[in-house]
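Colleague: Input target08.pdb, format and content: PDB, C-alpha atoms and all ligand atoms.
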```
ATOM      1  CA  MET A   1       9.909   4.310 -11.781
ATOM      2  CA  ARG A   2      11.027   5.817  -8.476
ATOM      3  CA  ILE A   3       8.891   4.904  -5.477
ATOM      4  CA  GLY A   4       9.157   6.457  -2.030
ATOM      5  CA  ILE A   5       8.047   4.272   0.858
ATOM      6  CA  LEU A   6       6.524   6.234   3.738
ATOM      7  CA  GLY A   7       6.375   3.643   6.511
ATOM      8  CA  SER A   8       8.712   0.679   6.158
ATOM      9  CA  GLY A   9       6.976  -1.884   8.342
ATOM     10  CA  LEU A  10       5.166  -5.076   7.387
ATOM     11  CA  MET A  11       3.496  -3.599   4.311
ATOM     12  CA  GLY A  12       5.980  -0.911   3.259
ATOM     13  CA  GLY A  13       9.017  -3.110   3.866
ATOM     14  CA  LYS A  14       7.660  -6.001   1.826
ATOM     15  CA  LEU A  15       6.064  -4.001  -0.984
ATOM     16  CA  GLY A  16       9.170  -1.819  -1.283
ATOM     17  CA  THR A  17      11.325  -4.948  -1.531
ATOM     18  CA  ILE A  18       9.068  -6.396  -4.236
ATOM     19  CA  PHE A  19       8.992  -3.105  -6.173
ATOM     20  CA  ALA A  20      12.810  -3.052  -6.120
ATOM     21  CA  ARG A  21      13.005  -6.691  -7.244
ATOM     22  CA  ALA A  22      10.575  -5.836 -10.044
ATOM     23  CA  GLY A  23      13.076  -3.234 -11.271
ATOM     24  CA  HIS A  24      11.905   0.021  -9.693
ATOM     25  CA  GLU A  25      14.011   2.477  -7.722
ATOM     26  CA  VAL A  26      12.870   2.469  -4.108
ATOM     27  CA  VAL A  27      13.611   4.741  -1.167
ATOM     28  CA  PHE A  28      12.598   3.286   2.211
ATOM     29  CA  SER A  29      11.728   5.774   4.920
ATOM     30  CA  TYR A  30       9.967   6.165   8.247
ATOM     31  CA  ALA A  31      10.866   3.403  10.687
ATOM     32  CA  ARG A  32      12.023   3.768  14.250
ATOM     33  CA  SER A  33      15.582   2.767  13.457
ATOM     34  CA  GLU A  34      17.832   3.797  10.635
ATOM     35  CA  GLU A  35      19.518   0.371  10.777
ATOM     36  CA  LYS A  36      16.235  -1.238   9.778
ATOM     37  CA  LEU A  37      15.845   1.058   6.780
ATOM     38  CA  GLU A  38      19.460   0.404   5.806
ATOM     39  CA  ARG A  39      18.900  -3.350   6.048
ATOM     40  CA  LEU A  40      15.719  -3.208   3.970
ATOM     41  CA  ALA A  41      17.516  -1.277   1.248
ATOM     42  CA  ARG A  42      20.461  -3.675   1.295
ATOM     43  CA  GLU A  43      18.350  -6.836   1.269
ATOM     44  CA  ALA A  44      16.007  -5.592  -1.456
ATOM     45  CA  LYS A  45      18.996  -6.205  -3.738
ATOM     46  CA  GLY A  46      17.847  -3.811  -6.412
ATOM     47  CA  LYS A  47      18.066  -0.064  -6.832
ATOM     48  CA  ALA A  48      17.048   0.614  -3.244
ATOM     49  CA  TRP A  49      18.128   3.280  -0.790
ATOM     50  CA  HIS A  50      16.906   4.675   2.495
ATOM     51  CA  GLY A  51      16.330   8.212   3.635
ATOM     52  CA  THR A  52      14.029  10.609   5.425
ATOM     53  CA  PRO A  53      10.390  10.859   4.342
ATOM     54  CA  ARG A  54      11.306  14.132   2.640
ATOM     55  CA  GLU A  55      14.095  12.418   0.691
ATOM     56  CA  ALA A  56      11.771   9.533  -0.183
ATOM     57  CA  ALA A  57       9.222  11.983  -1.544
ATOM     58  CA  GLN A  58      11.617  14.122  -3.541
ATOM     59  CA  GLU A  59      11.851  12.964  -7.149
ATOM     60  CA  ALA A  60       9.409  10.106  -6.476
ATOM     61  CA  ASP A  61       6.959   9.181  -9.229
ATOM     62  CA  ALA A  62       4.814   7.485  -6.621
ATOM     63  CA  LEU A  63       4.671   7.189  -2.860
ATOM     64  CA  LEU A  64       3.375   4.282  -0.825
ATOM     65  CA  LEU A  65       1.832   5.419   2.451
ATOM     66  CA  ALA A  66       1.995   2.470   4.844
ATOM     67  CA  VAL A  67       1.736   3.694   8.412
ATOM     68  CA  HIS A  68      -0.754   3.203  11.214
ATOM     69  CA  TRP A  69      -3.609   5.715  11.010
ATOM     70  CA  SER A  70      -2.315   7.430  14.150
ATOM     71  CA  ARG A  71       1.007   8.231  12.393
ATOM     72  CA  ILE A  72      -0.419   9.761   9.205
ATOM     73  CA  ASN A  73      -0.063  13.390  10.244
ATOM     74  CA  ASP A  74       3.427  12.806  11.563
ATOM     75  CA  VAL A  75       4.771  11.107   8.441
ATOM     76  CA  LEU A  76       3.079  13.611   6.135
ATOM     77  CA  SER A  77       4.558  16.549   7.981
ATOM     78  CA  GLU A  78       8.002  14.922   7.695
ATOM     79  CA  ALA A  79       7.491  14.307   3.976
ATOM     80  CA  GLY A  80       6.815  17.970   3.175
ATOM     81  CA  ASP A  81       5.096  19.223   0.030
ATOM     82  CA  LEU A  82       3.627  16.340  -1.980
ATOM     83  CA  SER A  83       1.815  18.451  -4.586
ATOM     84  CA  GLY A  84       1.269  16.575  -7.837
ATOM     85  CA  LYS A  85       2.473  13.243  -6.457
ATOM     86  CA  VAL A  86       0.679   9.943  -6.821
ATOM     87  CA  VAL A  87       0.100   8.651  -3.293
ATOM     88  CA  LEU A  88      -0.866   4.995  -3.002
ATOM     89  CA  THR A  89      -2.281   4.310   0.419
ATOM     90  CA  CYS A  90      -2.651   0.909   2.005
ATOM     91  CA  SER A  91      -3.271   2.543   5.377
ATOM     92  CA  LEU A  92      -6.576   1.686   6.995
ATOM     93  CA  PRO A  93      -8.253   4.126   9.388
ATOM     94  CA  MET A  94      -7.940   1.805  12.396
ATOM     95  CA  ASN A  95      -8.345   2.814  16.018
ATOM     96  CA  ASP A  96      -5.390   2.674  18.375
ATOM     97  CA  ASP A  97      -5.868  -0.965  19.356
ATOM     98  CA  ASP A  98      -6.646  -2.048  15.766
ATOM     99  CA  THR A  99     -10.097  -3.366  16.641
ATOM    100  CA  GLY A 100     -12.202  -1.172  14.365
ATOM    101  CA  LEU A 101     -12.402   1.593  11.784
ATOM    102  CA  VAL A 102     -12.535   5.165  13.077
ATOM    103  CA  VAL A 103     -13.841   6.409   9.707
ATOM    104  CA  ALA A 104     -16.536   4.466   7.837
ATOM    105  CA  GLN A 105     -19.803   4.579   5.887
ATOM    106  CA  THR A 106     -20.011   8.328   5.282
ATOM    107  CA  SER A 107     -16.307   8.635   4.460
ATOM    108  CA  SER A 108     -13.173   6.489   4.301
ATOM    109  CA  GLY A 109      -9.575   6.730   5.354
ATOM    110  CA  ALA A 110      -8.563   7.262   1.739
ATOM    111  CA  GLU A 111     -10.998  10.170   1.298
ATOM    112  CA  GLU A 112      -9.906  11.776   4.566
ATOM    113  CA  LEU A 113      -6.305  11.408   3.437
ATOM    114  CA  ALA A 114      -7.131  13.044   0.099
ATOM    115  CA  LYS A 115      -8.657  15.992   1.988
ATOM    116  CA  ARG A 116      -5.492  16.243   4.093
ATOM    117  CA  ILE A 117      -3.252  16.355   0.959
ATOM    118  CA  PRO A 118      -5.599  17.875  -1.646
ATOM    119  CA  LYS A 119      -3.028  18.565  -4.362
ATOM    120  CA  THR A 120      -1.998  14.926  -4.647
ATOM    121  CA  ARG A 121      -3.424  11.979  -6.585
ATOM    122  CA  VAL A 122      -4.535   9.515  -3.902
ATOM    123  CA  VAL A 123      -5.195   5.903  -4.868
ATOM    124  CA  ALA A 124      -6.288   3.314  -2.304
ATOM    125  CA  ALA A 125      -4.455   0.073  -3.102
ATOM    126  CA  PHE A 126      -2.852  -2.906  -1.361
ATOM    127  CA  ASN A 127      -5.116  -2.327   1.658
ATOM    128  CA  THR A 128      -7.137  -5.538   1.172
ATOM    129  CA  VAL A 129      -4.304  -8.044   1.383
ATOM    130  CA  PRO A 130      -2.286  -9.319   4.357
ATOM    131  CA  SER A 131       1.431  -8.591   4.247
ATOM    132  CA  GLU A 132       2.147 -12.265   4.885
ATOM    133  CA  VAL A 133       1.024 -13.286   1.386
ATOM    134  CA  LEU A 134       2.852 -10.633  -0.649
ATOM    135  CA  PHE A 135       6.086 -12.515  -1.357
ATOM    136  CA  ALA A 136       4.149 -15.680  -2.271
ATOM    137  CA  VAL A 137       2.004 -13.706  -4.735
ATOM    138  CA  TYR A 138       5.154 -12.220  -6.271
ATOM    139  CA  GLU A 139       6.766 -15.670  -6.566
ATOM    140  CA  ALA A 140       3.614 -16.988  -8.296
ATOM    141  CA  ARG A 141       3.317 -14.050 -10.731
ATOM    142  CA  ARG A 142       3.955 -16.159 -13.835
ATOM    143  CA  LYS A 143       1.100 -18.570 -13.109
ATOM    144  CA  ALA A 144      -1.972 -18.231 -15.314
ATOM    145  CA  SER A 145      -4.421 -17.459 -12.551
ATOM    146  CA  ARG A 146      -3.533 -14.437 -10.452
ATOM    147  CA  PRO A 147      -5.265 -13.259  -7.280
ATOM    148  CA  SER A 148      -7.331 -10.078  -7.603
ATOM    149  CA  LEU A 149      -6.561  -6.786  -5.891
ATOM    150  CA  VAL A 150      -9.099  -3.976  -5.738
ATOM    151  CA  TYR A 151      -8.008  -0.357  -5.979
ATOM    152  CA  CYS A 152      -9.874   2.933  -6.312
ATOM    153  CA  GLY A 153      -9.179   6.599  -6.896
ATOM    154  CA  ASP A 154     -10.298   9.751  -8.696
ATOM    155  CA  ASP A 155      -7.189  10.448 -10.776
ATOM    156  CA  ARG A 156      -6.757   8.543 -14.038
ATOM    157  CA  ARG A 157      -2.965   8.816 -14.194
ATOM    158  CA  GLY A 158      -2.626   7.784 -10.561
ATOM    159  CA  LYS A 159      -4.819   4.776 -11.151
ATOM    160  CA  GLU A 160      -2.886   3.675 -14.237
ATOM    161  CA  LEU A 161       0.324   3.864 -12.268
ATOM    162  CA  ALA A 162      -1.261   1.924  -9.390
ATOM    163  CA  ALA A 163      -2.540  -0.773 -11.746
ATOM    164  CA  GLY A 164       0.973  -1.238 -13.147
ATOM    165  CA  LEU A 165       2.471  -1.651  -9.682
ATOM    166  CA  ILE A 166      -0.304  -4.025  -8.640
ATOM    167  CA  ARG A 167       0.542  -6.138 -11.710
ATOM    168  CA  ASP A 168       4.255  -5.971 -10.884
ATOM    169  CA  VAL A 169       3.540  -7.489  -7.466
ATOM    170  CA  GLY A 170       1.657 -10.358  -9.128
ATOM    171  CA  PHE A 171      -1.998  -9.416  -8.693
ATOM    172  CA  ASP A 172      -4.731  -8.871 -11.249
ATOM    173  CA  PRO A 173      -5.784  -5.222 -10.642
ATOM    174  CA  VAL A 174      -9.531  -4.667 -10.262
ATOM    175  CA  ASP A 175     -10.594  -1.044 -10.738
ATOM    176  CA  ALA A 176     -13.342  -0.554  -8.161
ATOM    177  CA  GLY A 177     -14.085   3.035  -9.228
ATOM    178  CA  PRO A 178     -13.684   6.448  -7.578
ATOM    179  CA  LEU A 179     -12.004   7.064  -4.245
ATOM    180  CA  ARG A 180     -15.303   7.052  -2.356
ATOM    181  CA  ILE A 181     -15.490   3.296  -3.037
ATOM    182  CA  ALA A 182     -12.829   3.008  -0.328
ATOM    183  CA  ARG A 183     -15.904   3.165   1.961
ATOM    184  CA  TYR A 184     -16.480  -0.422   0.795
ATOM    185  CA  THR A 185     -12.923  -1.640   0.274
ATOM    186  CA  GLU A 186     -11.756  -0.617   3.763
ATOM    187  CA  PRO A 187     -14.383  -2.715   5.630
ATOM    188  CA  PHE A 188     -13.685  -5.505   3.103
ATOM    189  CA  ALA A 189     -10.057  -5.331   4.246
ATOM    190  CA  LEU A 190     -11.250  -6.098   7.769
ATOM    191  CA  LEU A 191     -13.027  -9.198   6.458
ATOM    192  CA  ILE A 192      -9.796 -10.306   4.807
ATOM    193  CA  GLY A 193      -7.987  -9.652   8.100
ATOM    194  CA  GLN A 194     -10.562 -11.729   9.968
ATOM    195  CA  LEU A 195     -10.100 -14.665   7.569
ATOM    196  CA  ALA A 196      -6.324 -14.298   7.567
ATOM    197  CA  TYR A 197      -5.671 -13.865  11.265
ATOM    198  CA  GLU A 198      -8.622 -15.590  12.932
ATOM    199  CA  GLY A 199      -9.011 -18.439  10.444
ATOM    200  CA  GLU A 200      -7.351 -21.792  10.881
ATOM    201  CA  GLU A 201      -5.230 -21.795   7.762
ATOM    202  CA  GLY A 202      -2.963 -18.866   8.441
ATOM    203  CA  PRO A 203      -2.515 -15.403   7.009
ATOM    204  CA  GLU A 204      -1.103 -16.239   3.574
ATOM    205  CA  LEU A 205      -4.438 -15.388   2.013
ATOM    206  CA  ALA A 206      -5.370 -13.587  -1.202
ATOM    207  CA  TYR A 207      -8.716 -13.444  -3.015
ATOM    208  CA  ARG A 208      -9.861 -13.793  -6.601
ATOM    209  CA  PHE A 209     -13.038 -12.526  -8.308
ATOM    210  CA  GLU A 210     -14.459 -14.592 -11.144
ATOM    211  CA  ARG A 211     -17.152 -13.571 -13.603
ATOM    212  CA  PHE A 212     -19.632 -16.113 -14.913
ATOM    213  CA  GLY A 213     -22.186 -15.894 -17.688
ATOM    214  CA  LYS A 214     -20.009 -14.434 -20.437
TER     215      LYS A 214
HETATM  216  N1  LIG B 301      -0.007  -5.564   7.939
HETATM  217  C1  LIG B 301      -0.932  -5.862   7.065
HETATM  218  O1  LIG B 301      -1.081  -7.028   6.663
HETATM  219  C2  LIG B 301      -1.826  -4.796   6.503
HETATM  220  C3  LIG B 301      -2.730  -5.150   5.487
HETATM  221  C4  LIG B 301      -3.539  -4.159   4.917
HETATM  222  C5  LIG B 301      -3.444  -2.848   5.366
HETATM  223  N2  LIG B 301      -2.567  -2.536   6.370
HETATM  224  C6  LIG B 301      -2.471  -1.143   6.805
HETATM  225  O2  LIG B 301      -1.230  -0.668   6.327
HETATM  226  C7  LIG B 301      -0.677   0.284   7.235
HETATM  227  C8  LIG B 301       0.702  -0.192   7.656
HETATM  228  O3  LIG B 301       0.548  -1.435   8.328
HETATM  229  P1  LIG B 301       1.815  -2.282   8.762
HETATM  230  O4  LIG B 301       1.267  -3.572   9.268
HETATM  231  O5  LIG B 301       2.831  -2.268   7.693
HETATM  232  O6  LIG B 301       2.332  -1.434  10.008
HETATM  233  P2  LIG B 301       3.752  -1.510  10.705
HETATM  234  O7  LIG B 301       4.393  -2.814  10.458
HETATM  235  O8  LIG B 301       3.549  -1.083  12.120
HETATM  236  O9  LIG B 301       4.571  -0.386   9.923
HETATM  237  C9  LIG B 301       4.456   0.969  10.189
HETATM  238  C10 LIG B 301       5.787   1.643   9.957
HETATM  239  O10 LIG B 301       5.720   2.933  10.594
HETATM  240  C11 LIG B 301       6.871   3.052  11.426
HETATM  241  N3  LIG B 301       6.640   3.901  12.584
HETATM  242  C12 LIG B 301       5.693   3.771  13.537
HETATM  243  N4  LIG B 301       5.828   4.742  14.463
HETATM  244  C13 LIG B 301       6.876   5.468  14.081
HETATM  245  C14 LIG B 301       7.525   6.609  14.625
HETATM  246  N5  LIG B 301       7.102   7.168  15.756
HETATM  247  N6  LIG B 301       8.568   7.126  13.982
HETATM  248  C15 LIG B 301       9.009   6.549  12.844
HETATM  249  N7  LIG B 301       8.447   5.465  12.273
HETATM  250  C16 LIG B 301       7.395   4.937  12.889
HETATM  251  C17 LIG B 301       7.184   1.658  11.861
HETATM  252  O11 LIG B 301       8.512   1.609  12.332
HETATM  253  P3  LIG B 301       9.203   0.227  12.758
HETATM  254  O12 LIG B 301       9.540  -0.448  11.455
HETATM  255  O13 LIG B 301      10.404   0.650  13.509
HETATM  256  O14 LIG B 301       8.204  -0.534  13.554
HETATM  257  C18 LIG B 301       6.948   0.896  10.581
HETATM  258  O15 LIG B 301       8.071   0.972   9.743
HETATM  259  C19 LIG B 301      -1.664   0.378   8.404
HETATM  260  O16 LIG B 301      -2.478   1.510   8.213
HETATM  261  C20 LIG B 301      -2.486  -0.901   8.296
HETATM  262  O17 LIG B 301      -3.805  -0.703   8.781
HETATM  263  C21 LIG B 301      -1.759  -3.478   6.941
END
```
For the structure just supplied, provide its representation as structure tokens.

Modeller:
Amino acid sequence: MRIGILGSGLMGGKLGTIFARAGHEVVFSYARSEEKLERLAREAKGKAWHGTPREAAQEADALLLAVHWSRINDVLSEAGDLSGKVVLTCSLPMNDDDTGLVVAQTSSGAEELAKRIPKTRVVAAFNTVPSEVLFAVYEARRKASRPSLVYCGDDRRGKELAAGLIRDVGFDPVDAGPLRIARYTEPFALLIGQLAYEGEEGPELAYRFERFGK
């Protein structure tokens, strides 16, 4: 599969690298220096390139949107027409100093994004996990017990594709339902952030749901 990365920072850089190592074609885009994008593509060691957001979007089967909330309009305008594309978003609707959500309860960042790009298939995924744990989860992917990762969306094909990529990274995908459930997953991501960054054991944290009584 060909995956365009829109925002090649902590999340986009690491997830793009893992997608490439898992055998996908990846195009890194949208960082403040071209050298960084070049380096990411080189070090991913798979079928990875770099380009503009428009080049990343062209021919992509899926896009990963991984920018700060304040950069969404900018990166989308650089990416051009995304009609029909599956857009996975890990972007949280954080305020400028990253202390709180600017959209919550009655909507979510993922729903607002879907309104902004209505002809696309938006899936909220990878937003509830700190970037610091991603490589460790990928390294542990063959272990019997995988960490969970919630995702949600309204488009069946988009969600199937998302579930496959979530598995490729080493998580057990948990379908949380339609896109409006991002109203719950986005605040949950802040809880994970609190535990990861304010806890005493460091940010390499993932979570796992277990069902009892079956
Ligand atoms: N980090 C996490 O653990 C985590 C976890 C869950 C969800 N999220 C969410 O995921 C999204 C991405 O987070 P992140 O931590 O990956 O952010 P990040 O490291 O800041 O990455 C954002 C990317 O956007 C690029 N960028 C910013 N301003 C730009 C500009 N003016 N022109 C071109 N490129 C620009 C950055 O360039 P540079 O590479 O040059 O800085 C970087 O590549 C956010 O919405 C965040 O809330 C993050």

Colleague: Using only C-alpha atoms and all ligand atoms, which residues of the polymer chains come no farther than 6 Å from ligand LIG 301 (chain B)? I'd like the answer as JSON, numbers by chain.

Modeller: {"A": [7, 8, 9, 10, 11, 12, 30, 31, 32, 33, 66, 67, 68, 69, 90, 91, 92, 127, 128, 129, 130, 131]}

Colleague: Restricting the calculation to all atoms listed in the file, which member of A:Glu34, A:Ala20, A:Gly100, A:Gly4 is positioned closest to Ala60 (chain A)?

Modeller: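 Of A:Glu34, A:Ala20, A:Gly100, A:Gly4, the one nearest Ala60 (chain A), counting all atoms listed in the file, is A:Gly4.
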
Colleague: Can you spell out as a ChimeraX atom specification the set of residues that the PyMOL selection byres (((chain A and resi 107) around 10) and not hetatm) selects in the structure I just provided?

Modeller: /A:103-106,108-112,179-184

Colleague: Using the chain letters and numbers from the file, which residues does the PyMOL selection byres (((chain A and resi 52) around 9) and not hetatm) grab, as a count of residues only?

Modeller: 14

Colleague: Tell me, as a list of chain:residue names, which residues lie within 8 Å of Val133 (chain A), counting all atoms listed in the file; anything in the same chain fewer than 6 positions away does not count.

Modeller: A:Pro203, A:Glu204, A:Leu205, A:Ala206

Colleague: Missing atoms in region 198-209 of chain A should be modelled up to all heavy atoms and reported as an mmCIF file, keeping the file's coordinate frame.

Modeller:
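Final output, out-v4.cif:
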```
data_model
loop_
_atom_site.group_PDB
_atom_site.id
_atom_site.type_symbol
_atom_site.label_atom_id
_atom_site.label_comp_id
_atom_site.auth_asym_id
_atom_site.auth_seq_id
_atom_site.Cartn_x
_atom_site.Cartn_y
_atom_site.Cartn_z
ATOM 1 N N GLU A 198 -7.792 -14.825 11.994
ATOM 2 C CA GLU A 198 -8.622 -15.590 12.932
ATOM 3 C C GLU A 198 -8.992 -16.949 12.340
ATOM 4 O O GLU A 198 -9.572 -17.786 13.023
ATOM 5 C CB GLU A 198 -9.905 -14.826 13.292
ATOM 6 C CG GLU A 198 -9.677 -13.414 13.841
ATOM 7 C CD GLU A 198 -8.855 -13.383 15.126
ATOM 8 O OE1 GLU A 198 -8.918 -14.347 15.907
ATOM 9 O OE2 GLU A 198 -8.131 -12.390 15.327
ATOM 10 N N GLY A 199 -8.697 -17.157 11.068
ATOM 11 C CA GLY A 199 -9.011 -18.439 10.444
ATOM 12 C C GLY A 199 -7.989 -19.494 10.855
ATOM 13 O O GLY A 199 -7.004 -19.190 11.536
ATOM 14 N N GLU A 200 -8.233 -20.708 10.421
ATOM 15 C CA GLU A 200 -7.351 -21.792 10.881
ATOM 16 C C GLU A 200 -6.201 -22.068 9.932
ATOM 17 O O GLU A 200 -5.301 -22.831 10.245
ATOM 18 C CB GLU A 200 -8.188 -23.067 11.085
ATOM 19 C CG GLU A 200 -9.071 -22.902 12.299
ATOM 20 C CD GLU A 200 -9.946 -24.095 12.598
ATOM 21 O OE1 GLU A 200 -9.904 -25.066 11.813
ATOM 22 O OE2 GLU A 200 -10.655 -24.010 13.596
ATOM 23 N N GLU A 201 -6.240 -21.426 8.756
ATOM 24 C CA GLU A 201 -5.230 -21.795 7.762
ATOM 25 C C GLU A 201 -4.126 -20.771 7.579
ATOM 26 O O GLU A 201 -3.359 -20.842 6.627
ATOM 27 C CB GLU A 201 -5.925 -22.108 6.439
ATOM 28 C CG GLU A 201 -6.758 -23.369 6.565
ATOM 29 C CD GLU A 201 -7.415 -23.760 5.277
ATOM 30 O OE1 GLU A 201 -6.687 -24.111 4.339
ATOM 31 O OE2 GLU A 201 -8.656 -23.677 5.207
ATOM 32 N N GLY A 202 -4.074 -19.806 8.466
ATOM 33 C CA GLY A 202 -2.963 -18.866 8.441
ATOM 34 C C GLY A 202 -3.192 -17.670 7.544
ATOM 35 O O GLY A 202 -4.151 -17.611 6.773
ATOM 36 N N PRO A 203 -2.301 -16.701 7.648
ATOM 37 C CA PRO A 203 -2.515 -15.403 7.009
ATOM 38 C C PRO A 203 -2.060 -15.280 5.553
ATOM 39 O O PRO A 203 -2.182 -14.214 4.976
ATOM 40 C CB PRO A 203 -1.704 -14.456 7.897
ATOM 41 C CG PRO A 203 -0.600 -15.303 8.418
ATOM 42 C CD PRO A 203 -1.119 -16.697 8.533
ATOM 43 N N GLU A 204 -1.550 -16.363 4.975
ATOM 44 C CA GLU A 204 -1.103 -16.239 3.574
ATOM 45 C C GLU A 204 -2.302 -16.351 2.648
ATOM 46 O O GLU A 204 -2.453 -17.297 1.884
ATOM 47 C CB GLU A 204 -0.042 -17.293 3.261
ATOM 48 C CG GLU A 204 1.279 -16.973 3.925
ATOM 49 C CD GLU A 204 2.389 -17.904 3.499
ATOM 50 O OE1 GLU A 204 2.394 -18.333 2.333
ATOM 51 O OE2 GLU A 204 3.237 -18.217 4.335
ATOM 52 N N LEU A 205 -3.145 -15.342 2.693
ATOM 53 C CA LEU A 205 -4.438 -15.388 2.013
ATOM 54 C C LEU A 205 -4.573 -14.248 1.004
ATOM 55 O O LEU A 205 -4.290 -13.092 1.318
ATOM 56 C CB LEU A 205 -5.548 -15.239 3.075
ATOM 57 C CG LEU A 205 -6.968 -15.149 2.542
ATOM 58 C CD1 LEU A 205 -7.456 -16.514 2.065
ATOM 59 C CD2 LEU A 205 -7.902 -14.616 3.630
ATOM 60 N N ALA A 206 -4.997 -14.598 -0.210
ATOM 61 C CA ALA A 206 -5.370 -13.587 -1.202
ATOM 62 C C ALA A 206 -6.735 -13.994 -1.741
ATOM 63 O O ALA A 206 -7.224 -15.085 -1.437
ATOM 64 C CB ALA A 206 -4.326 -13.514 -2.312
ATOM 65 N N TYR A 207 -7.365 -13.140 -2.515
ATOM 66 C CA TYR A 207 -8.716 -13.444 -3.015
ATOM 67 C C TYR A 207 -8.732 -13.287 -4.541
ATOM 68 O O TYR A 207 -7.854 -12.652 -5.127
ATOM 69 C CB TYR A 207 -9.759 -12.509 -2.369
ATOM 70 C CG TYR A 207 -9.466 -11.029 -2.565
ATOM 71 C CD1 TYR A 207 -9.987 -10.319 -3.646
ATOM 72 C CD2 TYR A 207 -8.645 -10.342 -1.672
ATOM 73 C CE1 TYR A 207 -9.702 -8.978 -3.833
ATOM 74 C CE2 TYR A 207 -8.354 -8.999 -1.846
ATOM 75 C CZ TYR A 207 -8.887 -8.320 -2.925
ATOM 76 O OH TYR A 207 -8.596 -7.004 -3.118
ATOM 77 N N ARG A 208 -9.754 -13.881 -5.139
ATOM 78 C CA ARG A 208 -9.861 -13.793 -6.601
ATOM 79 C C ARG A 208 -11.331 -13.697 -7.006
ATOM 80 O O ARG A 208 -12.154 -14.493 -6.583
ATOM 81 C CB ARG A 208 -9.230 -15.043 -7.218
ATOM 82 C CG ARG A 208 -9.390 -15.093 -8.690
ATOM 83 C CD ARG A 208 -8.577 -16.139 -9.393
ATOM 84 N NE ARG A 208 -8.962 -16.062 -10.779
ATOM 85 C CZ ARG A 208 -8.512 -15.134 -11.612
ATOM 86 N NH1 ARG A 208 -7.617 -14.265 -11.217
ATOM 87 N NH2 ARG A 208 -8.957 -15.076 -12.838
ATOM 88 N N PHE A 209 -11.673 -12.661 -7.801
ATOM 89 C CA PHE A 209 -13.038 -12.526 -8.308
ATOM 90 C C PHE A 209 -13.139 -13.254 -9.639
ATOM 91 O O PHE A 209 -12.238 -13.157 -10.461
ATOM 92 C CB PHE A 209 -13.388 -11.050 -8.548
ATOM 93 C CG PHE A 209 -13.344 -10.204 -7.301
ATOM 94 C CD1 PHE A 209 -12.545 -9.082 -7.238
ATOM 95 C CD2 PHE A 209 -14.113 -10.531 -6.197
ATOM 96 C CE1 PHE A 209 -12.505 -8.300 -6.092
ATOM 97 C CE2 PHE A 209 -14.080 -9.756 -5.049
ATOM 98 C CZ PHE A 209 -13.276 -8.641 -4.994
#
```
